[in-house]
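The file target.txt comes next; it holds compact mmCIF, C-alpha atoms.
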```txt
# COMPACT_ATOMS: atom_id res chain seq x y z
CA MET A 187 13.22 2.07 -37.17
CA ALA A 188 14.19 1.65 -33.53
CA ARG A 189 11.69 -0.14 -31.36
CA LYS A 190 10.39 1.98 -28.52
CA VAL A 191 10.46 0.83 -24.92
CA LEU A 192 8.66 2.97 -22.36
CA LEU A 193 9.94 2.70 -18.80
CA ILE A 194 7.57 3.95 -16.09
CA GLU A 195 9.90 4.18 -13.12
CA ASP A 196 10.55 6.76 -10.40
CA ASN A 197 14.10 5.65 -9.65
CA THR A 198 16.44 7.71 -11.82
CA GLU A 199 19.38 5.35 -11.36
CA SER A 200 17.28 2.47 -12.57
CA PHE A 201 16.26 4.46 -15.66
CA ILE A 202 19.89 5.37 -16.40
CA LEU A 203 20.88 1.71 -16.29
CA VAL A 204 17.97 0.52 -18.43
CA ASN A 205 18.58 3.33 -20.91
CA ARG A 206 22.28 2.53 -21.15
CA VAL A 207 21.71 -1.18 -21.72
CA LEU A 208 18.86 -0.86 -24.20
CA SER A 209 20.15 2.16 -26.13
CA ALA A 210 23.35 0.24 -26.79
CA ARG A 211 21.18 -2.46 -28.39
CA GLY A 212 19.41 -0.03 -30.68
CA TYR A 213 16.21 0.54 -28.73
CA GLU A 214 14.69 3.96 -28.18
CA VAL A 215 13.99 4.28 -24.45
CA LEU A 216 11.27 6.62 -23.24
CA HIS A 217 10.89 7.46 -19.58
CA ALA A 218 8.08 8.59 -17.29
CA PRO A 219 8.74 9.05 -13.54
CA ASP A 220 5.22 8.32 -12.32
CA GLY A 221 2.05 6.53 -13.30
CA GLU A 222 0.07 9.49 -14.57
CA ARG A 223 2.80 10.70 -16.90
CA GLY A 224 3.46 7.10 -17.91
CA ILE A 225 -0.11 6.60 -19.06
CA GLN A 226 0.01 9.90 -20.96
CA LEU A 227 3.29 9.03 -22.66
CA ALA A 228 2.05 5.55 -23.52
CA VAL A 229 -0.90 7.04 -25.38
CA GLU A 230 1.15 9.75 -27.09
CA ALA A 231 4.23 7.76 -28.09
CA GLY A 232 2.78 4.35 -28.90
CA PRO A 233 5.63 2.25 -27.50
CA ASP A 234 6.29 -1.34 -28.58
CA LEU A 235 6.80 -2.44 -24.96
CA ILE A 236 6.06 -0.89 -21.58
CA LEU A 237 8.10 -1.65 -18.48
CA ILE A 238 6.30 -0.67 -15.28
CA ASP A 239 7.69 -0.42 -11.78
CA ILE A 240 5.09 -1.71 -9.31
CA GLY A 241 5.99 0.83 -6.61
CA LEU A 242 5.37 4.23 -8.18
CA PRO A 243 4.98 7.45 -6.21
CA ASP A 244 1.50 8.46 -7.35
CA ILE A 245 -0.50 5.40 -8.39
CA ASP A 246 1.08 2.00 -8.18
CA GLY A 247 2.04 -0.07 -11.18
CA ASN A 248 -0.90 -2.44 -10.74
CA THR A 249 -3.37 0.38 -11.15
CA VAL A 250 -1.40 1.71 -14.13
CA VAL A 251 -1.67 -1.66 -15.86
CA ALA A 252 -5.35 -1.94 -15.06
CA LEU A 253 -5.85 1.39 -16.81
CA LEU A 254 -3.53 0.68 -19.75
CA ARG A 255 -5.51 -2.50 -20.42
CA GLN A 256 -8.58 -0.37 -21.00
CA ILE A 257 -6.91 1.75 -23.72
CA GLY A 258 -7.69 0.28 -27.11
CA GLU A 259 -4.67 1.79 -28.89
CA LEU A 260 -2.37 -0.17 -26.62
CA GLU A 261 -3.94 -3.54 -27.28
CA GLY A 262 -1.19 -6.06 -27.94
CA VAL A 263 1.56 -3.96 -26.38
CA PRO A 264 3.36 -6.14 -23.81
CA LEU A 265 3.13 -4.74 -20.28
CA VAL A 266 5.97 -6.01 -18.12
CA ALA A 267 6.50 -5.43 -14.41
CA ILE A 268 9.96 -4.45 -13.27
CA THR A 269 10.18 -4.61 -9.52
CA ALA A 270 12.20 -5.29 -6.42
CA TRP A 271 9.23 -6.90 -4.67
CA PRO A 272 9.81 -10.49 -3.50
CA PRO A 273 9.39 -12.66 -6.63
CA ASP A 274 6.60 -14.83 -5.22
CA ILE A 275 4.47 -11.84 -4.21
CA ALA A 276 5.29 -9.96 -7.40
CA GLN A 277 4.45 -12.93 -9.64
CA ASP A 278 1.06 -13.38 -8.01
CA ILE A 279 0.24 -9.69 -8.39
CA CYS A 280 1.42 -9.72 -12.01
CA ASP A 281 -0.77 -12.70 -12.83
CA ARG A 282 -3.82 -11.16 -11.21
CA TYR A 283 -3.41 -7.77 -12.84
CA GLY A 284 -2.67 -9.13 -16.28
CA PHE A 285 0.96 -8.17 -16.72
CA ASP A 286 2.57 -10.04 -19.60
CA GLY A 287 5.73 -10.71 -17.65
CA LEU A 288 7.95 -9.87 -14.74
CA ILE A 289 11.56 -8.76 -14.50
CA THR A 290 13.01 -8.58 -11.02
CA LYS A 291 15.38 -5.86 -9.88
CA PRO A 292 18.26 -5.49 -9.83
CA ILE A 293 18.23 -6.29 -13.52
CA SER A 294 20.88 -8.54 -14.98
CA VAL A 295 22.77 -6.45 -17.54
CA ARG A 296 23.68 -9.63 -19.38
CA ASP A 297 20.17 -11.12 -19.54
CA PHE A 298 18.08 -7.98 -19.78
CA PRO A 299 18.33 -7.39 -23.57
CA GLN A 300 17.25 -10.96 -24.28
CA GLN A 301 14.37 -10.64 -21.82
CA ILE A 302 13.20 -7.53 -23.65
CA ALA A 303 13.59 -9.20 -27.04
CA SER A 304 11.52 -12.17 -25.89
CA PHE A 305 8.64 -9.92 -24.83
CA LEU A 306 8.79 -8.27 -28.24
CA GLY A 307 8.10 -11.49 -30.03
CA GLY A 308 11.10 -13.63 -29.33
CA GLY A 309 13.02 -12.37 -32.31
CA PRO A 310 16.67 -11.43 -32.32
CA GLU A 311 17.74 -8.28 -30.55
CA PRO A 312 18.17 -5.23 -32.76
CA ALA A 313 21.71 -4.49 -33.78
CA GLY A 314 23.56 -2.17 -31.48
CA MET B 89 23.98 10.64 16.99
CA GLU B 90 21.16 12.93 18.02
CA LEU B 91 17.39 12.58 17.85
CA ILE B 92 15.71 15.63 16.37
CA PRO B 93 11.94 16.23 16.35
CA ALA B 94 10.50 15.86 12.88
CA THR B 95 9.15 19.40 13.11
CA GLU B 96 12.72 20.58 12.50
CA PHE B 97 12.65 19.17 8.97
CA THR B 98 10.67 20.03 5.87
CA LEU B 99 8.27 17.46 4.48
CA GLN B 100 10.55 17.17 1.45
CA GLU B 101 13.48 16.26 3.71
CA LEU B 102 11.37 13.72 5.57
CA ALA B 103 10.02 12.19 2.37
CA ASP B 104 13.52 11.97 0.88
CA ALA B 105 14.86 10.35 4.05
CA TYR B 106 11.96 7.92 4.15
CA ASN B 107 12.60 6.87 0.56
CA GLU B 108 16.27 6.33 1.38
CA THR B 109 15.29 4.05 4.27
CA ARG B 110 13.10 2.00 1.93
CA ILE B 111 15.60 1.70 -0.90
CA ASP B 112 16.00 -2.05 -0.28
CA TYR B 113 12.78 -2.60 1.64
CA ILE B 114 10.77 -5.78 1.30
CA ILE B 115 7.80 -3.89 -0.22
CA PRO B 116 9.05 -0.63 -1.79
CA MET B 117 6.53 2.17 -1.38
CA PRO B 118 7.86 5.52 -2.60
CA MET B 119 6.83 8.62 -0.69
CA THR B 120 6.13 12.08 -2.07
CA VAL B 121 5.52 15.31 -0.17
CA GLU B 122 1.85 15.19 -1.11
CA ARG B 123 1.48 11.62 0.02
CA LEU B 124 3.31 12.29 3.27
CA GLN B 125 1.17 15.35 3.99
CA SER B 126 -1.97 13.31 3.47
CA TYR B 127 -0.61 10.47 5.58
CA ILE B 128 0.12 12.86 8.46
CA GLU B 129 -3.39 14.31 8.32
CA VAL B 130 -5.31 11.08 7.89
CA TYR B 131 -3.47 9.11 10.56
CA ASP B 132 -3.02 11.93 13.10
CA VAL B 133 0.76 11.77 12.96
CA ASP B 134 2.23 14.22 15.47
CA LEU B 135 5.47 15.53 14.00
CA GLY B 136 6.55 16.95 17.37
CA SER B 137 6.41 13.42 18.77
CA SER B 138 8.14 12.00 15.69
CA CYS B 139 11.84 12.23 15.01
CA ALA B 140 14.85 11.75 12.81
CA ALA B 141 18.14 10.33 14.00
CA ALA B 142 21.05 12.29 12.61
CA ASP B 143 24.81 12.31 12.75
CA ARG B 144 26.60 15.54 11.82
CA GLY B 145 23.55 16.74 9.95
CA GLN B 146 23.10 13.50 8.02
CA ILE B 147 19.77 11.74 8.60
CA LEU B 148 20.29 8.09 9.54
CA GLY B 149 16.69 7.14 10.13
CA ILE B 150 13.21 8.37 10.90
CA GLY B 151 10.16 7.29 12.87
CA MET B 152 6.70 8.74 13.29
CA LEU B 153 4.07 8.60 15.99
CA GLY B 154 0.33 8.87 15.56
CA LEU B 155 -1.56 10.12 18.60
CA ARG B 156 -5.27 9.86 19.37
CA ALA B 157 -7.22 9.90 22.62
CA ARG B 158 -5.25 7.55 24.90
CA ARG B 159 -3.82 5.77 21.87
CA ALA B 160 -0.42 5.85 20.20
CA TRP B 161 0.80 4.25 16.98
CA VAL B 162 4.32 3.90 15.66
CA THR B 163 4.65 4.20 11.90
CA ARG B 164 7.10 4.88 9.08
CA LEU B 165 10.07 3.68 11.08
CA GLY B 166 13.08 3.23 8.85
CA VAL B 167 16.86 3.33 8.95
CA LEU B 168 19.06 4.20 6.00
CA PRO B 169 21.42 1.42 4.89
CA SER B 170 24.36 3.51 6.13
CA GLY B 171 22.87 3.68 9.63
CA ARG B 172 21.98 0.05 10.20
CA ARG B 173 23.30 -2.19 12.98
CA GLN B 174 24.26 0.83 15.06
CA GLY B 175 21.22 1.00 17.33
CA VAL B 176 19.53 3.75 15.30
CA GLY B 177 16.17 2.01 15.08
CA ARG B 178 16.17 1.25 18.80
CA ALA B 179 17.05 4.87 19.63
CA ILE B 180 14.25 6.20 17.44
CA MET B 181 11.83 3.76 19.08
CA GLY B 182 12.95 5.08 22.47
CA PHE B 183 12.08 8.62 21.40
CA LEU B 184 8.68 7.54 20.09
CA LEU B 185 7.78 5.44 23.12
CA ASP B 186 8.82 8.25 25.46
CA ALA B 187 6.44 10.52 23.54
CA ALA B 188 3.66 7.92 23.74
CA CYS B 189 4.25 7.69 27.49
CA ARG B 190 3.98 11.49 27.89
CA HIS B 191 0.75 11.37 25.88
CA GLY B 192 -0.67 9.01 28.50
CA ALA B 193 -1.32 6.15 26.12
CA PRO B 194 -1.72 2.88 28.07
CA VAL B 195 -0.61 0.92 25.02
CA THR B 196 1.26 1.64 21.79
CA TRP B 197 0.42 -0.07 18.52
CA LEU B 198 2.35 -0.71 15.34
CA GLU B 199 2.41 -2.97 12.30
CA VAL B 200 5.32 -4.66 10.63
CA ILE B 201 5.22 -6.28 7.22
CA GLN B 202 5.38 -10.05 7.50
CA GLY B 203 8.87 -11.08 6.48
CA ASN B 204 10.63 -7.96 7.76
CA THR B 205 12.57 -9.97 10.30
CA PRO B 206 14.96 -7.28 11.60
CA ALA B 207 12.12 -4.91 12.46
CA HIS B 208 10.03 -7.72 13.94
CA GLU B 209 12.93 -8.75 16.18
CA LEU B 210 13.49 -5.15 17.27
CA PHE B 211 9.84 -4.78 18.26
CA ASN B 212 9.85 -8.10 20.09
CA SER B 213 12.92 -7.04 22.05
CA LEU B 214 11.17 -3.82 23.06
CA GLY B 215 8.27 -5.76 24.55
CA PHE B 216 5.76 -5.58 21.70
CA VAL B 217 3.56 -8.65 21.38
CA GLU B 218 1.74 -9.87 18.30
CA THR B 219 -2.01 -9.36 18.32
CA ARG B 220 -3.12 -10.48 14.87
CA ARG B 221 -2.20 -10.79 11.19
CA LEU B 222 -3.67 -8.25 8.80
CA ILE B 223 -4.25 -8.77 5.10
CA VAL B 224 -3.64 -6.08 2.49
CA ALA B 225 -5.93 -7.08 -0.36
CA ARG B 226 -6.28 -5.92 -3.95
CA ARG B 227 -8.94 -6.38 -6.56
CA PRO B 228 -8.12 -5.66 -10.21
CA PRO B 229 -10.95 -4.03 -12.16
CA ALA B 230 -10.76 -6.76 -14.81
CA PHE B 231 -11.98 -9.41 -12.39
CA LYS B 232 -14.69 -11.49 -14.01
CA GLU B 233 -17.87 -12.41 -12.20
CA ILE B 234 -18.28 -15.98 -11.06
CA ALA B 235 -19.58 -18.40 -13.63
CA PRO B 236 -23.32 -18.99 -14.15
CA GLY B 237 -24.51 -21.79 -11.95
CA GLU B 238 -22.50 -20.57 -9.00
CA GLU B 239 -24.70 -17.55 -8.48
CA ALA B 240 -26.96 -19.33 -6.03
CA GLU B 241 -24.09 -19.44 -3.57
CA ARG B 242 -24.42 -15.77 -2.79
CA PRO B 243 -27.59 -14.13 -1.52
CA ARG B 244 -29.58 -11.89 -3.83
CA VAL B 245 -29.59 -8.24 -2.92
CA ARG B 246 -33.07 -6.89 -2.14
CA HIS B 247 -32.30 -3.30 -1.27
CA VAL B 248 -29.33 -0.95 -1.74
CA ARG B 249 -28.79 2.58 -0.49
CA THR B 250 -25.82 4.88 -0.24
CA LEU B 251 -24.81 7.08 2.68
CA ASP B 252 -22.94 10.37 2.68
CA HIS B 253 -19.81 11.03 4.69
CA GLU B 254 -21.48 12.02 7.96
CA ALA B 255 -23.93 9.12 7.94
CA THR B 256 -21.00 6.84 7.15
CA MET B 257 -19.12 8.12 10.18
CA ALA B 258 -22.11 7.25 12.38
CA LEU B 259 -22.10 3.72 10.97
CA LEU B 260 -18.39 3.34 11.63
CA ALA B 261 -18.79 4.47 15.21
CA SER B 262 -21.33 1.67 15.76
CA ARG B 263 -18.83 -1.10 15.00
CA GLN B 264 -18.41 -3.85 17.55
CA ASP B 265 -14.96 -5.01 16.45
CA LYS B 266 -11.64 -3.33 17.18
CA PRO B 267 -10.34 -1.87 13.94
CA ASN B 268 -6.70 -1.41 13.20
CA TRP B 269 -5.38 2.20 13.28
CA LEU B 270 -5.76 2.58 9.51
CA ASN B 271 -9.43 1.69 9.68
CA GLN B 272 -10.40 3.47 12.87
CA THR B 273 -13.21 5.98 12.57
CA GLU B 274 -10.78 8.90 12.96
CA SER B 275 -8.78 7.72 9.93
CA LEU B 276 -11.84 7.51 7.73
CA ARG B 277 -13.18 10.81 9.02
CA ASN B 278 -9.86 12.49 8.28
CA ALA B 279 -9.73 10.89 4.83
CA SER B 280 -12.89 12.88 3.95
CA ASP B 281 -15.38 12.04 1.21
CA VAL B 282 -15.78 8.49 2.46
CA SER B 283 -19.20 7.08 1.59
CA ALA B 284 -20.97 3.85 2.38
CA LEU B 285 -23.19 1.41 0.62
CA VAL B 286 -25.78 -0.44 2.68
CA ILE B 287 -27.50 -3.60 1.50
CA GLU B 288 -30.20 -5.97 2.59
CA THR B 289 -30.37 -9.42 1.05
CA GLU B 290 -33.46 -11.46 0.29
CA ASP B 291 -32.54 -13.95 2.99
CA GLY B 292 -32.38 -11.27 5.69
CA GLY B 293 -28.71 -10.43 5.55
CA ARG B 294 -27.62 -6.86 6.23
CA GLY B 295 -24.32 -5.13 5.91
CA TRP B 296 -22.44 -2.08 4.78
CA VAL B 297 -19.15 -1.19 3.17
CA THR B 298 -17.32 2.12 3.19
CA TYR B 299 -15.32 3.39 0.25
CA LYS B 300 -13.63 6.42 -1.19
CA THR B 301 -13.64 6.83 -4.94
CA SER B 302 -11.19 8.42 -7.31
CA LEU B 303 -10.96 8.16 -11.08
CA LEU B 304 -8.77 5.09 -10.86
CA ARG B 305 -9.25 3.57 -7.45
CA LEU B 306 -11.51 2.56 -4.62
CA THR B 307 -9.86 2.88 -1.22
CA ARG B 308 -10.98 3.03 2.42
CA ILE B 309 -12.88 -0.22 2.00
CA VAL B 310 -14.19 -1.38 5.36
CA ALA B 311 -17.03 -3.90 5.46
CA ASP B 312 -19.31 -4.93 8.27
CA VAL B 313 -22.09 -7.50 8.37
CA THR B 314 -24.78 -6.93 10.97
CA GLU B 315 -27.15 -9.77 10.02
CA GLY B 316 -26.58 -13.05 8.22
CA ASP B 317 -23.61 -15.10 7.18
CA PRO B 318 -20.54 -12.82 7.29
CA ALA B 319 -18.85 -14.23 4.20
CA ALA B 320 -21.97 -14.45 2.06
CA VAL B 321 -23.23 -10.98 2.92
CA ALA B 322 -19.74 -9.49 2.51
CA ALA B 323 -19.51 -11.06 -0.95
CA ALA B 324 -22.89 -9.60 -1.90
CA LEU B 325 -21.86 -6.20 -0.53
CA LEU B 326 -18.58 -6.08 -2.39
CA GLN B 327 -19.98 -7.40 -5.63
CA THR B 328 -22.65 -4.71 -5.49
CA LEU B 329 -19.99 -2.07 -4.85
CA HIS B 330 -17.90 -3.22 -7.80
CA GLU B 331 -20.89 -3.30 -10.10
CA PHE B 332 -21.27 0.41 -9.34
CA TYR B 333 -17.55 1.10 -9.81
CA SER B 334 -16.58 -1.48 -12.36
CA THR B 335 -13.55 0.31 -13.86
CA GLN B 336 -11.72 1.11 -10.64
CA ASP B 337 -8.88 -0.80 -9.09
CA ALA B 338 -9.51 -1.53 -5.39
CA ILE B 339 -7.42 -1.84 -2.28
CA ALA B 340 -8.60 -2.95 1.16
CA GLU B 341 -6.04 -2.63 3.91
CA ASN B 342 -5.58 -4.46 7.17
CA ILE B 343 -8.38 -6.99 7.11
CA PRO B 344 -7.81 -9.35 10.05
CA ALA B 345 -6.71 -12.71 8.66
CA ASP B 346 -9.26 -14.46 10.89
CA ASP B 347 -12.10 -12.12 9.88
CA PRO B 348 -15.09 -14.32 8.92
CA LYS B 349 -15.85 -11.83 6.14
CA TRP B 350 -12.53 -12.50 4.37
CA PRO B 351 -13.90 -15.43 2.29
CA GLY B 352 -16.47 -12.96 0.99
CA PHE B 353 -13.68 -10.66 -0.17
CA LEU B 354 -12.11 -13.59 -2.02
CA GLN B 355 -15.39 -14.45 -3.66
CA ALA B 356 -15.74 -10.85 -4.82
CA GLY B 357 -12.39 -10.99 -6.59
CA TYR B 358 -9.95 -9.75 -3.96
CA PHE B 359 -6.66 -11.46 -3.36
CA GLU B 360 -4.05 -11.19 -0.66
CA ALA B 361 -1.16 -8.97 -1.76
CA PHE B 362 0.80 -9.20 1.49
CA ARG B 363 0.36 -9.33 5.25
CA ARG B 364 1.20 -7.12 8.15
CA ILE B 365 1.66 -8.20 11.75
CA GLU B 366 -0.10 -5.99 14.27
CA MET B 367 1.73 -5.63 17.58
CA VAL B 368 1.02 -3.85 20.84
CA LYS B 369 3.10 -2.81 23.82
CA ASP B 370 1.85 -2.27 27.36
CA MET B 371 3.27 1.12 28.28
CA ALA B 372 3.04 0.44 32.02
CA ALA B 373 6.25 -1.52 31.62
CA TRP B 374 8.04 1.24 29.74
CA GLU B 375 10.87 3.03 31.44
CA PRO B 376 11.56 6.24 29.56
CA TYR B 377 14.96 6.38 27.89
CA GLY B 378 15.40 10.10 27.99
CA THR B 379 18.25 11.35 25.88
CA ASP B 380 20.94 10.23 28.39
CA ALA B 381 20.60 6.64 27.31
CA LEU B 382 21.68 7.40 23.75
```

The structure in this file should be written as structure tokens.
Amino acid sequence: MARKVLLIEDNTESFILVNRVLSARGYEVLHAPDGERGIQLAVEAGPDLILIDIGLPDIDGNTVVALLRQIGELEGVPLVAITAWPPDIAQDICDRYGFDGLITKPISVRDFPQQIASFLGGGPEPAG
Amino acid sequence: MELIPATEFTLQELADAYNETRIDYIIPMPMTVERLQSYIEVYDVDLGSSCAAADRGQILGIGMLGLRARRAWVTRLGVLPSGRRQGVGRAIMGFLLDAACRHGAPVTWLEVIQGNTPAHELFNSLGFVETRRLIVARRPPAFKEIAPGEEAERPRVRHVRTLDHEATMALLASRQDKPNWLNQTESLRNASDVSALVIETEDGGRGWVTYKTSLLRLTRIVADVTEGDPAAVAAALLQTLHEFYSTQDAIAENIPADDPKWPGFLQAGYFEAFRRIEMVKDMAAWEPYGTDAL
């Protein structure tokens, strides 16, 4: 069964790119354009990994993570920031808010699948 | 290029243009119509004194001006990538400063995010001077209290009471410091539903902190210490606040970097997310551009 990656991201172009790269590797990519719908979809769909843009239009990604951490069903699901913020600022925020990792934008199409695989336990990527 | 008052655009057009200006910004902050509407109301943005620069109907950049009694504040200035290095930002600033001049403001204020060098250089060249650095601070709800044994470092709270919005406004008006535009009394009044928590500590400290609650967040956090050690009383204030609202994320904007209460914020679990540079321009030296100069 395909592993599910939820992307909470308001930028449609960014979603299209992530979807294209991960779908080709056999992942099922879910998308929510803002924090509120992202939290709802996370609870409903039970993703294996959640990618969260820090700068969302309704509530920012930090607040989303703070809330996701309080939802028992999502315990153990890696929460990874995906952001264009300066890496030093973003890393500090990620550490403080309890993100499991950070991927900076623009994503590297070559490295991105391996980054995702590593957050999912370090195993090999699913077959495309 | 022409400069068109922002009143000629819908909020959707302004929000879309703003997001385009921030597409590669140092700290991306997406705008929605709802957020822009609230921003305009809370910070007294005057859309007739704000503008968009456009070329053949295509918006190249926008800038907004907040106006209060004898005060003006430039905000949300941004230029789309396609309009950069063509004098668009300077032209928009000319429009805004002309409007500030007509308003009779003796000075005009603004903030620029630390590290946004092009904007900082533009403001310097227009005669703005730096007044202070401002900290934007966050506090995750999962912050753990300080370890046992360290508790003696902060004073014990003897008495706590909460104030409603109107009583909070009276407290804010009694401040001795000079708050940044975001934390001026008008901003917090406009934000509505801002409350305050007042404490007295066993060692005689007194202070208060304002806040606005939502399901997920505490915002509009402004602290003042009227008696006692600023850092210690601020820490006690904020820790008391977060005991009441333990599940909410918190954001405190534009705390002066040299504020003696800042160590108290740190002790209560806040950290610095980023800094803004506050700048001011003496309008007596401003010679209006008018539209001929464009």

Next item on the list: Compile the residues of chain B that lie within 9 Å of chain A, evaluated using all atoms listed in the file, and express the compilation as number ranges by chain.
Entry: B: 112-120, 123, 226-231, 304-305, 335-338, 359-362

Next item on the list: Could you give me, as a count of residues only, the residues within 8 Å of A:Val207, counting all atoms listed in the file and dropping anything in the same chain fewer than 6 positions from it?
Entry: 3

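Across the structure, atom CA of A:His217 and atom CA of B:Glu101 are spaced 25.0 Å apart.
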
Item checked: Within 7 Å of B:Arg159 using only C-alpha atoms, minus same-chain residues under 4 positions, as an MDAnalysis selection string -> chainID B and resid 155 193 195:196

Note to self: Can you pull out the residues contacting stretch 134-149 of chain B? Cut-off 6 Å, using all atoms listed in the file, and skip same-chain residues under 6 positions away; I want them as a ChimeraX atom specification.
What the structure shows: /B:89-95,166-168,171,187

Notebook entry, point to check: Once you count all atoms listed in the file, which residues end up no further than 8 Å from (0.0, 0.9, -26.0) in the file's frame, shown as a PyMOL selection string?
Noted result: chain A and resi 228-229+232-236+254+257-263

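A straight line drawn from atom CA of B:Trp296 to atom CA of B:Ala319 is 12.7 Å long.
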
Next item on the list: Work out how far atom CA of B:Gln202 is from atom CA of B:Gln264, in Å to one decimal.
Entry: 26.6 Å

Item checked: 10 Å contact set for B:Arg249, all atoms listed in the file, chain neighbours under 2 positions out, as a PyMOL selection string -> chain B and resi 247+251+284-288+296

Next item on the list: Rank nothing, just name the residue among B:Gln327, B:Asn342, B:Thr301, B:Thr205 nearest to B:Gln272, using only C-alpha atoms.
Entry: B:Asn342

Item checked: Contacts of B:Pro194 at 7 Å (all atoms listed in the file; same-chain gap of 3+ positions) as a VMD selection string -> chain B and resid 158 370 to 372

Starting from the block above, write stretch 99-113 of chain B out to a file with N, CA, C and O atoms, as a PDB file, in the first residue's frame, please.
```pdb
ATOM      1  N   LEU B  99      -9.793  44.367  -2.235  1.00  0.00           N
ATOM      2  CA  LEU B  99      -8.884  43.775  -1.251  1.00  0.00           C
ATOM      3  C   LEU B  99      -8.247  42.502  -1.809  1.00  0.00           C
ATOM      4  O   LEU B  99      -7.090  42.198  -1.500  1.00  0.00           O
ATOM      5  N   GLN B 100      -9.007  41.776  -2.627  1.00  0.00           N
ATOM      6  CA  GLN B 100      -8.445  40.561  -3.239  1.00  0.00           C
ATOM      7  C   GLN B 100      -7.269  40.922  -4.141  1.00  0.00           C
ATOM      8  O   GLN B 100      -6.219  40.258  -4.117  1.00  0.00           O
ATOM      9  N   GLU B 101      -7.426  42.004  -4.924  1.00  0.00           N
ATOM     10  CA  GLU B 101      -6.326  42.420  -5.811  1.00  0.00           C
ATOM     11  C   GLU B 101      -5.115  42.861  -4.999  1.00  0.00           C
ATOM     12  O   GLU B 101      -3.965  42.542  -5.345  1.00  0.00           O
ATOM     13  N   LEU B 102      -5.380  43.577  -3.909  1.00  0.00           N
ATOM     14  CA  LEU B 102      -4.258  44.031  -3.074  1.00  0.00           C
ATOM     15  C   LEU B 102      -3.569  42.857  -2.383  1.00  0.00           C
ATOM     16  O   LEU B 102      -2.331  42.803  -2.322  1.00  0.00           O
ATOM     17  N   ALA B 103      -4.361  41.919  -1.897  1.00  0.00           N
ATOM     18  CA  ALA B 103      -3.769  40.750  -1.225  1.00  0.00           C
ATOM     19  C   ALA B 103      -2.954  39.922  -2.218  1.00  0.00           C
ATOM     20  O   ALA B 103      -1.839  39.474  -1.904  1.00  0.00           O
ATOM     21  N   ASP B 104      -3.498  39.748  -3.412  1.00  0.00           N
ATOM     22  CA  ASP B 104      -2.769  38.974  -4.437  1.00  0.00           C
ATOM     23  C   ASP B 104      -1.453  39.671  -4.793  1.00  0.00           C
ATOM     24  O   ASP B 104      -0.404  39.019  -4.920  1.00  0.00           O
ATOM     25  N   ALA B 105      -1.521  40.998  -4.962  1.00  0.00           N
ATOM     26  CA  ALA B 105      -0.309  41.748  -5.307  1.00  0.00           C
ATOM     27  C   ALA B 105       0.713  41.660  -4.176  1.00  0.00           C
ATOM     28  O   ALA B 105       1.907  41.455  -4.405  1.00  0.00           O
ATOM     29  N   TYR B 106       0.223  41.790  -2.957  1.00  0.00           N
ATOM     30  CA  TYR B 106       1.124  41.704  -1.805  1.00  0.00           C
ATOM     31  C   TYR B 106       1.838  40.350  -1.781  1.00  0.00           C
ATOM     32  O   TYR B 106       3.059  40.277  -1.573  1.00  0.00           O
ATOM     33  N   ASN B 107       1.070  39.292  -1.998  1.00  0.00           N
ATOM     34  CA  ASN B 107       1.691  37.959  -1.987  1.00  0.00           C
ATOM     35  C   ASN B 107       2.726  37.812  -3.096  1.00  0.00           C
ATOM     36  O   ASN B 107       3.748  37.144  -2.919  1.00  0.00           O
ATOM     37  N   GLU B 108       2.460  38.437  -4.230  1.00  0.00           N
ATOM     38  CA  GLU B 108       3.437  38.392  -5.323  1.00  0.00           C
ATOM     39  C   GLU B 108       4.717  39.134  -4.940  1.00  0.00           C
ATOM     40  O   GLU B 108       5.825  38.731  -5.310  1.00  0.00           O
ATOM     41  N   THR B 109       4.575  40.227  -4.184  1.00  0.00           N
ATOM     42  CA  THR B 109       5.778  40.965  -3.774  1.00  0.00           C
ATOM     43  C   THR B 109       6.609  40.162  -2.787  1.00  0.00           C
ATOM     44  O   THR B 109       7.803  40.374  -2.660  1.00  0.00           O
ATOM     45  N   ARG B 110       5.962  39.259  -2.062  1.00  0.00           N
ATOM     46  CA  ARG B 110       6.642  38.520  -0.989  1.00  0.00           C
ATOM     47  C   ARG B 110       7.066  37.121  -1.424  1.00  0.00           C
ATOM     48  O   ARG B 110       7.460  36.313  -0.599  1.00  0.00           O
ATOM     49  N   ILE B 111       6.982  36.851  -2.721  1.00  0.00           N
ATOM     50  CA  ILE B 111       7.198  35.489  -3.192  1.00  0.00           C
ATOM     51  C   ILE B 111       8.605  34.983  -2.853  1.00  0.00           C
ATOM     52  O   ILE B 111       8.826  33.807  -2.595  1.00  0.00           O
ATOM     53  N   ASP B 112       9.577  35.894  -2.797  1.00  0.00           N
ATOM     54  CA  ASP B 112      10.944  35.502  -2.437  1.00  0.00           C
ATOM     55  C   ASP B 112      11.429  36.301  -1.238  1.00  0.00           C
ATOM     56  O   ASP B 112      12.612  36.542  -1.072  1.00  0.00           O
ATOM     57  N   TYR B 113      10.501  36.695  -0.386  1.00  0.00           N
ATOM     58  CA  TYR B 113      10.817  37.561   0.742  1.00  0.00           C
ATOM     59  C   TYR B 113      11.574  36.786   1.816  1.00  0.00           C
ATOM     60  O   TYR B 113      11.450  35.560   1.922  1.00  0.00           O
TER      61      TYR B 113
END
```
